[in-house]
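This is work-v3.cif (mmCIF, C-alpha atoms).
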```cif
data_run
#
loop_
_atom_site.label_atom_id
_atom_site.label_comp_id
_atom_site.auth_asym_id
_atom_site.auth_seq_id
_atom_site.Cartn_x
_atom_site.Cartn_y
_atom_site.Cartn_z
CA MET A 15 0.00 0.00 0.00
CA LYS A 16 2.88 2.36 0.77
CA SER A 17 4.30 1.90 -2.73
CA ILE A 18 0.94 2.83 -4.26
CA ILE A 19 0.75 6.03 -2.21
CA ILE A 20 4.35 6.95 -2.95
CA THR A 21 3.94 6.24 -6.66
CA SER A 22 0.77 8.29 -6.91
CA LEU A 23 2.44 11.22 -5.12
CA LEU A 24 5.50 11.07 -7.39
CA LEU A 25 3.38 10.87 -10.51
CA SER A 26 1.23 13.78 -9.38
CA ALA A 27 4.22 16.06 -8.83
CA GLY A 28 4.06 18.71 -11.50
CA ALA A 29 0.75 17.45 -12.89
CA ALA A 30 -1.64 19.97 -14.33
CA ALA A 31 -4.45 21.24 -12.14
CA GLN A 32 -7.00 19.29 -14.22
CA ALA A 33 -8.13 16.41 -12.05
CA GLY A 34 -11.33 14.67 -11.13
CA PRO A 35 -13.10 11.70 -9.60
CA TYR A 36 -14.39 8.75 -11.63
CA ALA A 37 -15.87 5.26 -11.30
CA ASN A 38 -14.41 2.20 -13.04
CA VAL A 39 -15.84 -1.33 -13.22
CA GLU A 40 -13.52 -3.91 -14.79
CA VAL A 41 -13.86 -7.69 -15.19
CA ASN A 42 -10.74 -9.83 -15.58
CA SER A 43 -11.23 -13.51 -16.41
CA GLY A 44 -8.60 -16.23 -16.36
CA PHE A 45 -8.08 -19.31 -18.50
CA SER A 46 -5.59 -22.15 -18.46
CA GLY A 47 -5.61 -23.27 -22.06
CA SER A 48 -9.32 -23.44 -22.83
CA ASP A 49 -10.26 -24.14 -19.17
CA TYR A 50 -11.99 -21.17 -17.46
CA THR A 51 -10.49 -20.61 -13.98
CA GLY A 52 -12.56 -17.67 -12.73
CA SER A 53 -13.13 -13.92 -12.78
CA ALA A 54 -12.42 -10.88 -10.65
CA THR A 55 -14.67 -7.83 -10.94
CA ASP A 56 -13.13 -4.60 -9.64
CA VAL A 57 -15.63 -1.95 -8.56
CA HIS A 58 -13.39 1.07 -8.11
CA VAL A 59 -13.68 4.77 -7.47
CA GLY A 60 -10.70 6.87 -8.38
CA TYR A 61 -9.16 10.23 -8.93
CA GLU A 62 -7.12 11.25 -11.96
CA GLY A 63 -4.99 14.12 -13.11
CA ALA A 64 -3.57 14.99 -16.49
CA ASN A 65 -1.08 12.07 -16.49
CA TRP A 66 -1.76 10.00 -13.34
CA TYR A 67 -4.53 8.12 -11.53
CA VAL A 68 -5.24 6.27 -8.29
CA GLN A 69 -8.27 4.00 -7.74
CA GLY A 70 -9.52 1.35 -5.35
CA GLY A 71 -12.49 -0.55 -4.00
CA PRO A 72 -13.91 -4.04 -3.64
CA ALA A 73 -12.88 -6.93 -5.88
CA LEU A 74 -15.62 -9.52 -6.37
CA LEU A 75 -13.86 -12.86 -6.87
CA ALA A 76 -15.69 -15.66 -8.67
CA PRO A 77 -13.46 -18.74 -9.07
CA ASP A 78 -14.75 -21.58 -11.25
CA ASN A 79 -16.56 -24.30 -9.23
CA ALA A 80 -15.92 -22.58 -5.88
CA ASP A 81 -17.54 -20.05 -3.57
CA GLY A 82 -16.87 -16.41 -4.37
CA ASP A 83 -15.27 -13.88 -2.07
CA ILE A 84 -14.86 -10.12 -1.72
CA GLU A 85 -11.43 -8.56 -1.25
CA LEU A 86 -9.94 -5.07 -1.60
CA SER A 87 -8.01 -4.03 -4.70
CA GLY A 88 -6.44 -0.88 -6.07
CA LYS A 89 -4.24 0.60 -8.76
CA ALA A 90 -2.11 3.67 -9.26
CA GLY A 91 -0.32 4.68 -12.40
CA GLY A 92 0.55 7.30 -14.88
CA SER A 93 2.38 8.27 -18.00
CA TYR A 94 5.00 10.74 -19.11
CA GLY A 95 5.40 12.09 -22.63
CA ILE A 96 9.02 11.93 -23.75
CA ASN A 97 8.21 13.76 -27.00
CA ASP A 98 5.19 14.18 -29.31
CA ALA A 99 5.26 10.53 -30.41
CA LEU A 100 6.76 8.58 -27.49
CA SER A 101 5.53 8.16 -23.91
CA VAL A 102 6.35 5.85 -21.03
CA TYR A 103 3.68 4.47 -18.68
CA GLY A 104 3.47 2.41 -15.52
CA GLU A 105 1.04 0.97 -13.01
CA VAL A 106 1.21 -0.74 -9.61
CA SER A 107 -1.71 -2.77 -8.26
CA PHE A 108 -2.68 -4.89 -5.26
CA LEU A 109 -5.31 -7.44 -4.23
CA THR A 110 -5.86 -8.49 -0.62
CA GLY A 111 -6.62 -12.08 0.40
CA ASP A 112 -4.91 -14.80 2.42
CA THR A 113 -1.74 -13.27 1.04
CA THR A 114 -1.77 -9.78 -0.46
CA SER A 115 -0.64 -9.91 -4.09
CA TYR A 116 0.97 -7.08 -6.02
CA GLY A 117 1.43 -6.39 -9.70
CA THR A 118 3.33 -3.98 -11.89
CA LYS A 119 3.00 -2.89 -15.48
CA ALA A 120 5.40 -0.72 -17.49
CA GLY A 121 5.78 0.08 -21.14
CA LEU A 122 6.41 2.49 -23.97
CA LYS A 123 3.79 3.82 -26.34
CA TYR A 124 4.69 5.18 -29.78
CA ASN A 125 2.13 7.14 -31.82
CA PHE A 126 2.52 7.08 -35.62
#
```
Now that the file is in, can you turn its structure into structure tokens?
Amino acid sequence: MKSIIITSLLLSAGAAAQAGPYANVEVNSGFSGSDYTGSATDVHVGYEGANWYVQGGPALLAPDNADGDIELSGKAGGSYGINDALSVYGEVSFLTGDTTSYGTKAGLKYNF
């Protein structure tokens, strides 16, 4: 959780004053080959600026052939334009449970 807060603060440094709240519902389903393993539905509220965001809320877990559960999940991320065509982006995320899991995402985006 500390890394999410720190990341969101760093990404917001120097961000434009344009910011606002939003709601985001996202469903992520998993498969092993063609075998469905389950889904997680994130029901998040968030806040975003010109090049950053932070969001969190309940995650509704629905594993295949098992009872569902509700955990807490969240994400923080942002992007930085290197020039008119190239930008770098990143995201950190978490999901509570028996063991809290964390994820990261990073990449480059090039516009033609």
Q: Can you work out which one of A:Gln69, A:Ser87, A:Asn125, A:Ser107 has the shortest atom-to-atom distance to Thr55 (chain A), counting only C-alpha atoms?
A: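 Result for the nearest residue to Thr55 (chain A): A:Ser87.
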**Q.** Spatial neighbours of region 89-102 of chain A, max dist 7 Å, only C-alpha atoms, sep filter under 5 positions, as a PyMOL selection string
**A.** chain A and resi 18+22+25+65-70+107-108+121-126
Q: Apply the PyMOL selection byres ((chain A and resi 78-85) around 7) to the structure shown and report the selected residues as an MDAnalysis selection string.
A: chainID A and resid 50:52 72:77 86:87 109:111
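Each of A:Gly104, A:Thr114, A:Val59, A:Ala120 was compared to Pro35 (chain A) using all atoms listed in the file, and A:Val59 turns out to be the nearest.
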Q | Cut-off 8 Å around (-6.2, 13.8, -14.7) with all atoms listed in the file: residues as a PyMOL selection string | A | chain A and resi 30+32-34+61-67
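Take CA of Ser115 (chain A) and CA of Gly88 (chain A): the distance between them is 10.9 Å.
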(Q) Could you tell me, as a list in words, exactly which residues end up selected when the PyMOL selection byres ((chain A and resi 57) around 6) is applied to this structure? (A)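 Selected by the PyMOL selection byres ((chain A and resi 57) around 6) in this file: Val39, Asp56, His58, Gly71 and Pro72 of chain A.
Residues selected in this file by the PyMOL selection byres ((chain A and resi 41) around 6) comprise Glu40, Asn42, Ala54 and Thr55 of chain A.
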